[in-house]
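The data block below is coords.cif; it holds mmCIF, N, CA and C atoms.
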```
data_upload
loop_
_atom_site.group_PDB
_atom_site.id
_atom_site.type_symbol
_atom_site.label_atom_id
_atom_site.label_comp_id
_atom_site.auth_asym_id
_atom_site.auth_seq_id
_atom_site.Cartn_x
_atom_site.Cartn_y
_atom_site.Cartn_z
ATOM 1 N N MET J 1 -18.665 -52.297 -20.863
ATOM 2 C CA MET J 1 -19.089 -53.348 -21.754
ATOM 3 C C MET J 1 -18.777 -54.692 -21.102
ATOM 4 N N LYS J 2 -19.744 -55.603 -21.187
ATOM 5 C CA LYS J 2 -19.571 -56.949 -20.641
ATOM 6 C C LYS J 2 -19.556 -57.944 -21.790
ATOM 7 N N LEU J 3 -18.659 -58.920 -21.693
ATOM 8 C CA LEU J 3 -18.605 -59.987 -22.687
ATOM 9 C C LEU J 3 -19.249 -61.234 -22.108
ATOM 10 N N PHE J 4 -19.968 -61.950 -22.965
ATOM 11 C CA PHE J 4 -20.614 -63.180 -22.514
ATOM 12 C C PHE J 4 -20.606 -64.217 -23.619
ATOM 13 N N ILE J 5 -20.729 -65.474 -23.202
ATOM 14 C CA ILE J 5 -20.834 -66.593 -24.127
ATOM 15 C C ILE J 5 -22.309 -66.927 -24.239
ATOM 16 N N LYS J 6 -22.774 -67.075 -25.466
ATOM 17 C CA LYS J 6 -24.158 -67.448 -25.705
ATOM 18 C C LYS J 6 -24.230 -68.971 -25.736
ATOM 19 N N ARG J 7 -24.991 -69.544 -24.824
ATOM 20 C CA ARG J 7 -25.174 -70.987 -24.772
ATOM 21 C C ARG J 7 -26.670 -71.251 -24.657
ATOM 22 N N GLY J 8 -27.330 -71.416 -25.811
ATOM 23 C CA GLY J 8 -28.781 -71.529 -25.810
ATOM 24 C C GLY J 8 -29.382 -70.210 -25.373
ATOM 25 N N ASN J 9 -30.247 -70.246 -24.357
ATOM 26 C CA ASN J 9 -30.849 -69.026 -23.804
ATOM 27 C C ASN J 9 -30.042 -68.476 -22.641
ATOM 28 N N GLN J 10 -28.936 -69.127 -22.324
ATOM 29 C CA GLN J 10 -28.127 -68.757 -21.161
ATOM 30 C C GLN J 10 -26.961 -67.858 -21.581
ATOM 31 N N LYS J 11 -26.611 -66.923 -20.706
ATOM 32 C CA LYS J 11 -25.439 -66.070 -20.904
ATOM 33 C C LYS J 11 -24.425 -66.410 -19.820
ATOM 34 N N ILE J 12 -23.206 -66.703 -20.234
ATOM 35 C CA ILE J 12 -22.119 -66.964 -19.297
ATOM 36 C C ILE J 12 -21.142 -65.801 -19.444
ATOM 37 N N TYR J 13 -21.069 -64.952 -18.432
ATOM 38 C CA TYR J 13 -20.218 -63.770 -18.509
ATOM 39 C C TYR J 13 -18.763 -64.148 -18.284
ATOM 40 N N ILE J 14 -17.880 -63.496 -19.046
ATOM 41 C CA ILE J 14 -16.447 -63.751 -18.917
ATOM 42 C C ILE J 14 -15.734 -62.453 -18.569
ATOM 43 N N ARG J 15 -14.624 -62.591 -17.877
ATOM 44 C CA ARG J 15 -13.826 -61.420 -17.504
ATOM 45 C C ARG J 15 -12.826 -61.146 -18.612
ATOM 46 N N SER J 16 -13.060 -60.083 -19.329
ATOM 47 C CA SER J 16 -12.146 -59.683 -20.392
ATOM 48 C C SER J 16 -12.402 -58.232 -20.734
ATOM 49 N N SER J 17 -11.333 -57.542 -21.092
ATOM 50 C CA SER J 17 -11.459 -56.150 -21.514
ATOM 51 C C SER J 17 -11.220 -56.020 -23.016
ATOM 52 N N ALA J 18 -11.301 -57.138 -23.743
ATOM 53 C CA ALA J 18 -11.059 -57.131 -25.188
ATOM 54 C C ALA J 18 -12.061 -56.227 -25.893
ATOM 55 N N LYS J 19 -11.579 -55.464 -26.844
ATOM 56 C CA LYS J 19 -12.436 -54.556 -27.618
ATOM 57 C C LYS J 19 -12.911 -55.205 -28.917
ATOM 58 N N THR J 20 -12.226 -56.274 -29.365
ATOM 59 C CA THR J 20 -12.605 -56.994 -30.579
ATOM 60 C C THR J 20 -12.383 -58.489 -30.349
ATOM 61 N N ARG J 21 -12.941 -59.313 -31.231
ATOM 62 C CA ARG J 21 -12.716 -60.757 -31.126
ATOM 63 C C ARG J 21 -11.246 -61.101 -31.381
ATOM 64 N N THR J 22 -10.589 -60.343 -32.261
ATOM 65 C CA THR J 22 -9.159 -60.571 -32.521
ATOM 66 C C THR J 22 -8.353 -60.370 -31.244
ATOM 67 N N GLU J 23 -8.673 -59.338 -30.507
ATOM 68 C CA GLU J 23 -7.992 -59.079 -29.237
ATOM 69 C C GLU J 23 -8.310 -60.188 -28.234
ATOM 70 N N LEU J 24 -9.550 -60.667 -28.240
ATOM 71 C CA LEU J 24 -9.933 -61.766 -27.344
ATOM 72 C C LEU J 24 -9.182 -63.050 -27.699
ATOM 73 N N ILE J 25 -8.981 -63.297 -28.997
ATOM 74 C CA ILE J 25 -8.212 -64.472 -29.429
ATOM 75 C C ILE J 25 -6.814 -64.421 -28.829
ATOM 76 N N ARG J 26 -6.195 -63.244 -28.836
ATOM 77 C CA ARG J 26 -4.857 -63.099 -28.227
ATOM 78 C C ARG J 26 -4.905 -63.372 -26.724
ATOM 79 N N GLN J 27 -5.958 -62.887 -26.070
ATOM 80 C CA GLN J 27 -6.058 -63.059 -24.617
ATOM 81 C C GLN J 27 -6.267 -64.517 -24.221
ATOM 82 N N VAL J 28 -7.091 -65.245 -24.989
ATOM 83 C CA VAL J 28 -7.377 -66.649 -24.628
ATOM 84 C C VAL J 28 -6.474 -67.622 -25.380
ATOM 85 N N ARG J 29 -5.570 -67.067 -26.196
ATOM 86 C CA ARG J 29 -4.567 -67.837 -26.933
ATOM 87 C C ARG J 29 -5.167 -68.834 -27.909
ATOM 88 N N GLY J 30 -6.117 -68.372 -28.712
ATOM 89 C CA GLY J 30 -6.692 -69.210 -29.752
ATOM 90 C C GLY J 30 -8.163 -68.934 -29.977
ATOM 91 N N ARG J 31 -8.699 -69.545 -31.026
ATOM 92 C CA ARG J 31 -10.108 -69.356 -31.363
ATOM 93 C C ARG J 31 -11.033 -70.177 -30.469
ATOM 94 N N ASN J 32 -10.497 -71.210 -29.839
ATOM 95 C CA ASN J 32 -11.280 -72.061 -28.940
ATOM 96 C C ASN J 32 -10.712 -71.941 -27.530
ATOM 97 N N PHE J 33 -11.587 -71.973 -26.557
ATOM 98 C CA PHE J 33 -11.176 -71.848 -25.158
ATOM 99 C C PHE J 33 -12.171 -72.596 -24.282
ATOM 100 N N THR J 34 -11.790 -72.809 -23.042
ATOM 101 C CA THR J 34 -12.618 -73.574 -22.116
ATOM 102 C C THR J 34 -13.028 -72.706 -20.935
ATOM 103 N N VAL J 35 -14.313 -72.788 -20.573
ATOM 104 C CA VAL J 35 -14.840 -72.117 -19.381
ATOM 105 C C VAL J 35 -15.645 -73.151 -18.609
ATOM 106 N N ASN J 36 -15.302 -73.331 -17.351
ATOM 107 C CA ASN J 36 -15.991 -74.304 -16.488
ATOM 108 C C ASN J 36 -16.056 -75.693 -17.125
ATOM 109 N N GLY J 37 -14.963 -76.085 -17.786
ATOM 110 C CA GLY J 37 -14.879 -77.419 -18.369
ATOM 111 C C GLY J 37 -15.595 -77.593 -19.689
ATOM 112 N N VAL J 38 -16.179 -76.539 -20.228
ATOM 113 C CA VAL J 38 -16.898 -76.609 -21.506
ATOM 114 C C VAL J 38 -16.106 -75.818 -22.548
ATOM 115 N N ARG J 39 -15.949 -76.388 -23.723
ATOM 116 C CA ARG J 39 -15.180 -75.760 -24.804
ATOM 117 C C ARG J 39 -16.102 -74.857 -25.643
ATOM 118 N N TYR J 40 -15.604 -73.647 -25.913
ATOM 119 C CA TYR J 40 -16.351 -72.665 -26.701
ATOM 120 C C TYR J 40 -15.480 -72.128 -27.826
ATOM 121 N N ASN J 41 -16.134 -71.555 -28.830
ATOM 122 C CA ASN J 41 -15.461 -70.899 -29.934
ATOM 123 C C ASN J 41 -15.619 -69.396 -29.757
ATOM 124 N N ILE J 42 -14.664 -68.663 -30.245
ATOM 125 C CA ILE J 42 -14.648 -67.210 -30.106
ATOM 126 C C ILE J 42 -15.907 -66.554 -30.697
ATOM 127 N N ASN J 43 -16.512 -67.210 -31.707
ATOM 128 C CA ASN J 43 -17.718 -66.654 -32.330
ATOM 129 C C ASN J 43 -18.957 -66.797 -31.460
ATOM 130 N N GLN J 44 -18.841 -67.485 -30.325
ATOM 131 C CA GLN J 44 -19.953 -67.598 -29.387
ATOM 132 C C GLN J 44 -19.922 -66.483 -28.344
ATOM 133 N N VAL J 45 -18.934 -65.600 -28.440
ATOM 134 C CA VAL J 45 -18.782 -64.504 -27.481
ATOM 135 C C VAL J 45 -19.391 -63.232 -28.061
ATOM 136 N N PHE J 46 -20.190 -62.559 -27.246
ATOM 137 C CA PHE J 46 -20.848 -61.314 -27.639
ATOM 138 C C PHE J 46 -20.670 -60.274 -26.548
ATOM 139 N N ALA J 47 -20.952 -59.027 -26.889
ATOM 140 C CA ALA J 47 -20.836 -57.925 -25.934
ATOM 141 C C ALA J 47 -22.207 -57.303 -25.707
ATOM 142 N N GLU J 48 -22.378 -56.740 -24.500
ATOM 143 C CA GLU J 48 -23.579 -55.972 -24.186
ATOM 144 C C GLU J 48 -23.188 -54.836 -23.259
ATOM 145 N N LYS J 49 -24.071 -53.849 -23.168
ATOM 146 C CA LYS J 49 -23.809 -52.697 -22.307
ATOM 147 C C LYS J 49 -23.865 -53.100 -20.837
ATOM 148 N N GLU J 50 -23.076 -52.407 -20.035
ATOM 149 C CA GLU J 50 -23.060 -52.643 -18.584
ATOM 150 C C GLU J 50 -24.349 -52.186 -17.927
ATOM 151 N N GLY J 51 -24.830 -51.016 -18.300
ATOM 152 C CA GLY J 51 -26.020 -50.448 -17.665
ATOM 153 C C GLY J 51 -26.144 -48.996 -18.056
ATOM 154 N N SER J 52 -27.073 -48.299 -17.423
ATOM 155 C CA SER J 52 -27.315 -46.906 -17.757
ATOM 156 C C SER J 52 -26.400 -45.992 -16.960
ATOM 157 N N ASN J 53 -25.537 -45.270 -17.667
ATOM 158 C CA ASN J 53 -24.629 -44.317 -17.024
ATOM 159 C C ASN J 53 -25.275 -42.949 -16.869
ATOM 160 N N THR J 54 -26.261 -42.647 -17.693
ATOM 161 C CA THR J 54 -26.859 -41.312 -17.700
ATOM 162 C C THR J 54 -27.563 -41.007 -16.381
ATOM 163 N N ILE J 55 -28.360 -41.934 -15.908
ATOM 164 C CA ILE J 55 -29.126 -41.712 -14.672
ATOM 165 C C ILE J 55 -28.192 -41.569 -13.480
ATOM 166 N N VAL J 56 -27.231 -42.480 -13.359
ATOM 167 C CA VAL J 56 -26.293 -42.447 -12.232
ATOM 168 C C VAL J 56 -25.497 -41.150 -12.246
ATOM 169 N N ALA J 57 -24.972 -40.774 -13.418
ATOM 170 C CA ALA J 57 -24.177 -39.545 -13.509
ATOM 171 C C ALA J 57 -25.025 -38.316 -13.182
ATOM 172 N N GLY J 58 -26.279 -38.307 -13.619
ATOM 173 C CA GLY J 58 -27.173 -37.194 -13.299
ATOM 174 C C GLY J 58 -27.433 -37.090 -11.806
ATOM 175 N N LEU J 59 -27.643 -38.240 -11.152
ATOM 176 C CA LEU J 59 -27.871 -38.246 -9.696
ATOM 177 C C LEU J 59 -26.638 -37.789 -8.935
ATOM 178 N N VAL J 60 -25.476 -38.274 -9.345
ATOM 179 C CA VAL J 60 -24.234 -37.865 -8.677
ATOM 180 C C VAL J 60 -24.012 -36.370 -8.872
ATOM 181 N N GLY J 61 -24.179 -35.903 -10.112
ATOM 182 C CA GLY J 61 -24.006 -34.470 -10.388
ATOM 183 C C GLY J 61 -24.984 -33.618 -9.599
ATOM 184 N N GLY J 62 -26.238 -34.065 -9.528
ATOM 185 C CA GLY J 62 -27.251 -33.323 -8.775
ATOM 186 C C GLY J 62 -26.943 -33.288 -7.295
ATOM 187 N N THR J 63 -26.495 -34.424 -6.762
ATOM 188 C CA THR J 63 -26.156 -34.495 -5.336
ATOM 189 C C THR J 63 -24.994 -33.560 -5.013
ATOM 190 N N LEU J 64 -23.965 -33.594 -5.839
ATOM 191 C CA LEU J 64 -22.830 -32.687 -5.615
ATOM 192 C C LEU J 64 -23.254 -31.232 -5.795
ATOM 193 N N GLY J 65 -24.164 -31.013 -6.730
ATOM 194 C CA GLY J 65 -24.649 -29.656 -6.986
ATOM 195 C C GLY J 65 -25.469 -29.077 -5.858
ATOM 196 N N LEU J 66 -26.006 -29.940 -4.977
ATOM 197 C CA LEU J 66 -26.790 -29.450 -3.835
ATOM 198 C C LEU J 66 -25.991 -28.480 -2.972
ATOM 199 N N LEU J 67 -24.670 -28.640 -2.979
ATOM 200 C CA LEU J 67 -23.821 -27.726 -2.213
ATOM 201 C C LEU J 67 -23.973 -26.286 -2.702
ATOM 202 N N GLY J 68 -24.343 -26.125 -3.962
ATOM 203 C CA GLY J 68 -24.511 -24.788 -4.531
ATOM 204 C C GLY J 68 -25.954 -24.321 -4.544
ATOM 205 N N GLY J 69 -26.823 -25.033 -3.825
ATOM 206 C CA GLY J 69 -28.229 -24.647 -3.783
ATOM 207 C C GLY J 69 -28.987 -25.149 -4.998
ATOM 208 N N PRO J 70 -30.203 -24.609 -5.210
ATOM 209 C CA PRO J 70 -31.044 -25.078 -6.320
ATOM 210 C C PRO J 70 -30.387 -24.933 -7.696
ATOM 211 N N VAL J 71 -29.699 -23.820 -7.916
ATOM 212 C CA VAL J 71 -29.029 -23.610 -9.202
ATOM 213 C C VAL J 71 -27.894 -24.627 -9.364
ATOM 214 N N GLY J 72 -27.170 -24.881 -8.300
ATOM 215 C CA GLY J 72 -26.086 -25.871 -8.324
ATOM 216 C C GLY J 72 -26.614 -27.271 -8.588
ATOM 217 N N PHE J 73 -27.770 -27.583 -7.981
ATOM 218 C CA PHE J 73 -28.389 -28.895 -8.192
ATOM 219 C C PHE J 73 -28.750 -29.084 -9.658
ATOM 220 N N ILE J 74 -29.427 -28.106 -10.234
ATOM 221 C CA ILE J 74 -29.862 -28.195 -11.638
ATOM 222 C C ILE J 74 -28.647 -28.266 -12.567
ATOM 223 N N THR J 75 -27.656 -27.427 -12.309
ATOM 224 C CA THR J 75 -26.444 -27.423 -13.135
ATOM 225 C C THR J 75 -25.713 -28.753 -13.019
ATOM 226 N N GLY J 76 -25.543 -29.238 -11.785
ATOM 227 C CA GLY J 76 -24.847 -30.508 -11.558
ATOM 228 C C GLY J 76 -25.562 -31.681 -12.193
ATOM 229 N N ALA J 77 -26.886 -31.726 -12.048
ATOM 230 C CA ALA J 77 -27.664 -32.820 -12.636
ATOM 231 C C ALA J 77 -27.584 -32.784 -14.162
ATOM 232 N N THR J 78 -27.658 -31.598 -14.730
ATOM 233 C CA THR J 78 -27.583 -31.464 -16.191
ATOM 234 C C THR J 78 -26.218 -31.895 -16.711
ATOM 235 N N LEU J 79 -25.161 -31.375 -16.101
ATOM 236 C CA LEU J 79 -23.807 -31.744 -16.534
ATOM 237 C C LEU J 79 -23.556 -33.239 -16.331
ATOM 238 N N GLY J 80 -23.987 -33.759 -15.199
ATOM 239 C CA GLY J 80 -23.828 -35.197 -14.937
ATOM 240 C C GLY J 80 -24.558 -36.032 -15.967
ATOM 241 N N GLY J 81 -25.774 -35.627 -16.304
ATOM 242 C CA GLY J 81 -26.551 -36.341 -17.324
ATOM 243 C C GLY J 81 -25.883 -36.309 -18.685
ATOM 244 N N LEU J 82 -25.334 -35.151 -19.051
ATOM 245 C CA LEU J 82 -24.640 -35.032 -20.337
ATOM 246 C C LEU J 82 -23.402 -35.921 -20.390
ATOM 247 N N ILE J 83 -22.640 -35.927 -19.308
ATOM 248 C CA ILE J 83 -21.439 -36.770 -19.244
ATOM 249 C C ILE J 83 -21.830 -38.238 -19.304
ATOM 250 N N GLY J 84 -22.856 -38.608 -18.549
ATOM 251 C CA GLY J 84 -23.329 -39.994 -18.556
ATOM 252 C C GLY J 84 -23.836 -40.415 -19.918
ATOM 253 N N ASN J 85 -24.554 -39.527 -20.589
ATOM 254 C CA ASN J 85 -25.080 -39.825 -21.919
ATOM 255 C C ASN J 85 -23.943 -40.038 -22.915
ATOM 256 N N SER J 86 -22.918 -39.212 -22.830
ATOM 257 C CA SER J 86 -21.757 -39.346 -23.709
ATOM 258 C C SER J 86 -21.065 -40.689 -23.471
ATOM 259 N N SER J 87 -20.916 -41.050 -22.215
ATOM 260 C CA SER J 87 -20.295 -42.330 -21.854
ATOM 261 C C SER J 87 -21.125 -43.502 -22.372
ATOM 262 N N GLU J 88 -22.438 -43.374 -22.277
ATOM 263 C CA GLU J 88 -23.334 -44.439 -22.729
ATOM 264 C C GLU J 88 -23.256 -44.615 -24.244
ATOM 265 N N LYS J 89 -23.169 -43.519 -24.979
ATOM 266 C CA LYS J 89 -23.052 -43.608 -26.438
ATOM 267 C C LYS J 89 -21.743 -44.262 -26.843
ATOM 268 N N LYS J 90 -20.656 -43.951 -26.117
ATOM 269 C CA LYS J 90 -19.369 -44.579 -26.406
ATOM 270 C C LYS J 90 -19.451 -46.079 -26.159
ATOM 271 N N GLU J 91 -20.110 -46.468 -25.067
ATOM 272 C CA GLU J 91 -20.249 -47.887 -24.759
ATOM 273 C C GLU J 91 -21.075 -48.606 -25.829
ATOM 274 N N GLU J 92 -22.132 -47.965 -26.317
ATOM 275 C CA GLU J 92 -22.941 -48.545 -27.399
ATOM 276 C C GLU J 92 -22.084 -48.777 -28.644
ATOM 277 N N THR J 93 -21.220 -47.813 -28.954
ATOM 278 C CA THR J 93 -20.320 -47.943 -30.096
ATOM 279 C C THR J 93 -19.344 -49.091 -29.887
ATOM 280 N N ASP J 94 -18.790 -49.206 -28.671
ATOM 281 C CA ASP J 94 -17.859 -50.291 -28.355
ATOM 282 C C ASP J 94 -18.539 -51.657 -28.485
ATOM 283 N N VAL J 95 -19.771 -51.780 -27.995
ATOM 284 C CA VAL J 95 -20.519 -53.040 -28.079
ATOM 285 C C VAL J 95 -20.739 -53.413 -29.539
ATOM 286 N N LYS J 96 -21.180 -52.452 -30.335
ATOM 287 C CA LYS J 96 -21.426 -52.698 -31.756
ATOM 288 C C LYS J 96 -20.124 -53.114 -32.452
ATOM 289 N N HIS J 97 -19.033 -52.436 -32.138
ATOM 290 C CA HIS J 97 -17.722 -52.742 -32.740
ATOM 291 C C HIS J 97 -17.300 -54.170 -32.414
ATOM 292 N N PHE J 98 -17.441 -54.585 -31.156
ATOM 293 C CA PHE J 98 -17.058 -55.949 -30.781
ATOM 294 C C PHE J 98 -17.946 -56.972 -31.494
ATOM 295 N N ASN J 99 -19.249 -56.765 -31.464
ATOM 296 C CA ASN J 99 -20.173 -57.735 -32.048
ATOM 297 C C ASN J 99 -20.038 -57.866 -33.559
ATOM 298 N N GLN J 100 -19.529 -56.827 -34.211
ATOM 299 C CA GLN J 100 -19.324 -56.887 -35.662
ATOM 300 C C GLN J 100 -17.928 -57.369 -36.031
ATOM 301 N N SER J 101 -17.050 -57.510 -35.039
ATOM 302 C CA SER J 101 -15.686 -57.934 -35.328
ATOM 303 C C SER J 101 -15.635 -59.424 -35.645
ATOM 304 N N LYS J 102 -14.587 -59.806 -36.348
ATOM 305 C CA LYS J 102 -14.411 -61.224 -36.742
ATOM 306 C C LYS J 102 -13.354 -61.896 -35.901
#
```
Would you give me this structure, written as structure tokens?
Amino acid sequence: MKLFIKRGNQKIYIRSSAKTRTELIRQVRGRNFTVNGVRYNINQVFAEKEGSNTIVAGLVGGTLGLLGGPVGFITGATLGGLIGNSSEKKEETDVKHFNQSK
């Protein structure tokens, strides 16, 4: 999950592992903070997904599965895809949780 500040149509990404705005307030020590000399409020921060984990995990699983031949490839790609899909759903939940937090 990536956090960003909404400034008009522009997104300014910030380095933070906060799961909620309350946690972000603790990290930046208040509801207002400064980035690149510009003051922002915590309510201007939103979360979005990093990217697709399903495709990458499927490719990695399939590549590793090649060692086991065609059956290994299919098994590896399937398992990798399932793991990636699970990770992606968790990230979607985390993004929704952050964006709905106060």
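Note that atom CA of Gly58 of chain J and atom CA of Lys96 of chain J are 24.8 Å apart.
Considering the residues J:Arg29, J:Lys90, J:Lys19, J:Lys6 and counting only C-alpha atoms, Val45 of chain J has its shortest atom-to-atom contact with J:Lys6.
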Quiz item: Interatomic distance between atom C of Ile5 of chain J and atom C of Gln44 of chain J?
Solution: 4.8 Å
Practice problem: Give the alpha helix (DSSP H) residues of chain J, as DSSP finds them on the backbone, and put them as an NGL selection string. | Solution: :J and (21-28 or 53-65 or 69-100)
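Atom pair atom CA of Leu59 of chain J / atom CA of Ser87 of chain J has a distance of 14.9 Å (rounded to one decimal).
Selection check: the PyMOL selection byres (((chain J and resi 48 and name CA) around 12) and name CA) on the shown file gives Met1, Lys2, Leu3, Phe4, Ile5, Lys6, Lys11, Tyr13, Ile14, Lys19, Val45, Phe46, Ala47, Lys49, Glu50, Gly51, Ser52, Glu88, Glu91, Glu92, Thr93, Asp94, Val95, Lys96, His97, Phe98 and Asn99 of chain J.
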Quiz item: Hey, what comes out of the PyMOL selection byres ((chain J and resi 21) around 6) on this file? Could you write it as a VMD selection string?
Solution: chain J and resid 19 to 20 22 to 25 98 101 to 102
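Each of J:Gly80, J:Val71, J:Arg7, J:Ser17 was checked against Asn43 of chain J using only C-alpha atoms; the smallest atom-to-atom distance is that of J:Arg7.
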Could you list the residues chosen by the PyMOL selection byres (((chain J and resi 84 and name CA) around 9) and name CA) in this structure as a PDB file with N, CA and C atoms, keeping the file's coordinate frame?
```pdb
ATOM      1  N   SER J  52     -27.073 -48.299 -17.423  1.00  0.00           N
ATOM      2  CA  SER J  52     -27.315 -46.906 -17.757  1.00  0.00           C
ATOM      3  C   SER J  52     -26.400 -45.992 -16.960  1.00  0.00           C
ATOM      4  N   ASN J  53     -25.537 -45.270 -17.667  1.00  0.00           N
ATOM      5  CA  ASN J  53     -24.629 -44.317 -17.024  1.00  0.00           C
ATOM      6  C   ASN J  53     -25.275 -42.949 -16.869  1.00  0.00           C
ATOM      7  N   THR J  54     -26.261 -42.647 -17.693  1.00  0.00           N
ATOM      8  CA  THR J  54     -26.859 -41.312 -17.700  1.00  0.00           C
ATOM      9  C   THR J  54     -27.563 -41.007 -16.381  1.00  0.00           C
ATOM     10  N   ILE J  55     -28.360 -41.934 -15.908  1.00  0.00           N
ATOM     11  CA  ILE J  55     -29.126 -41.712 -14.672  1.00  0.00           C
ATOM     12  C   ILE J  55     -28.192 -41.569 -13.480  1.00  0.00           C
ATOM     13  N   VAL J  56     -27.231 -42.480 -13.359  1.00  0.00           N
ATOM     14  CA  VAL J  56     -26.293 -42.447 -12.232  1.00  0.00           C
ATOM     15  C   VAL J  56     -25.497 -41.150 -12.246  1.00  0.00           C
ATOM     16  N   ALA J  57     -24.972 -40.774 -13.418  1.00  0.00           N
ATOM     17  CA  ALA J  57     -24.177 -39.545 -13.509  1.00  0.00           C
ATOM     18  C   ALA J  57     -25.025 -38.316 -13.182  1.00  0.00           C
ATOM     19  N   GLY J  58     -26.279 -38.307 -13.619  1.00  0.00           N
ATOM     20  CA  GLY J  58     -27.173 -37.194 -13.299  1.00  0.00           C
ATOM     21  C   GLY J  58     -27.433 -37.090 -11.806  1.00  0.00           C
ATOM     22  N   LEU J  79     -25.161 -31.375 -16.101  1.00  0.00           N
ATOM     23  CA  LEU J  79     -23.807 -31.744 -16.534  1.00  0.00           C
ATOM     24  C   LEU J  79     -23.556 -33.239 -16.331  1.00  0.00           C
ATOM     25  N   GLY J  80     -23.987 -33.759 -15.199  1.00  0.00           N
ATOM     26  CA  GLY J  80     -23.828 -35.197 -14.937  1.00  0.00           C
ATOM     27  C   GLY J  80     -24.558 -36.032 -15.967  1.00  0.00           C
ATOM     28  N   GLY J  81     -25.774 -35.627 -16.304  1.00  0.00           N
ATOM     29  CA  GLY J  81     -26.551 -36.341 -17.324  1.00  0.00           C
ATOM     30  C   GLY J  81     -25.883 -36.309 -18.685  1.00  0.00           C
ATOM     31  N   LEU J  82     -25.334 -35.151 -19.051  1.00  0.00           N
ATOM     32  CA  LEU J  82     -24.640 -35.032 -20.337  1.00  0.00           C
ATOM     33  C   LEU J  82     -23.402 -35.921 -20.390  1.00  0.00           C
ATOM     34  N   ILE J  83     -22.640 -35.927 -19.308  1.00  0.00           N
ATOM     35  CA  ILE J  83     -21.439 -36.770 -19.244  1.00  0.00           C
ATOM     36  C   ILE J  83     -21.830 -38.238 -19.304  1.00  0.00           C
ATOM     37  N   ASN J  85     -24.554 -39.527 -20.589  1.00  0.00           N
ATOM     38  CA  ASN J  85     -25.080 -39.825 -21.919  1.00  0.00           C
ATOM     39  C   ASN J  85     -23.943 -40.038 -22.915  1.00  0.00           C
ATOM     40  N   SER J  86     -22.918 -39.212 -22.830  1.00  0.00           N
ATOM     41  CA  SER J  86     -21.757 -39.346 -23.709  1.00  0.00           C
ATOM     42  C   SER J  86     -21.065 -40.689 -23.471  1.00  0.00           C
ATOM     43  N   SER J  87     -20.916 -41.050 -22.215  1.00  0.00           N
ATOM     44  CA  SER J  87     -20.295 -42.330 -21.854  1.00  0.00           C
ATOM     45  C   SER J  87     -21.125 -43.502 -22.372  1.00  0.00           C
ATOM     46  N   GLU J  88     -22.438 -43.374 -22.277  1.00  0.00           N
ATOM     47  CA  GLU J  88     -23.334 -44.439 -22.729  1.00  0.00           C
ATOM     48  C   GLU J  88     -23.256 -44.615 -24.244  1.00  0.00           C
ATOM     49  N   LYS J  89     -23.169 -43.519 -24.979  1.00  0.00           N
ATOM     50  CA  LYS J  89     -23.052 -43.608 -26.438  1.00  0.00           C
ATOM     51  C   LYS J  89     -21.743 -44.262 -26.843  1.00  0.00           C
TER      52      LYS J  89
END
```
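Running DSSP on the backbone and keeping only strand (DSSP E or B), the residues of segment 1-49 of chain J that qualify are Lys2, Leu3, Phe4, Ile5, Lys6, Arg7, Gln10, Lys11, Ile12, Tyr13, Ile14, Asn32, Phe33, Thr34, Val35, Val38, Arg39, Tyr40, Asn41, Val45, Phe46, Ala47 and Glu48 of chain J.
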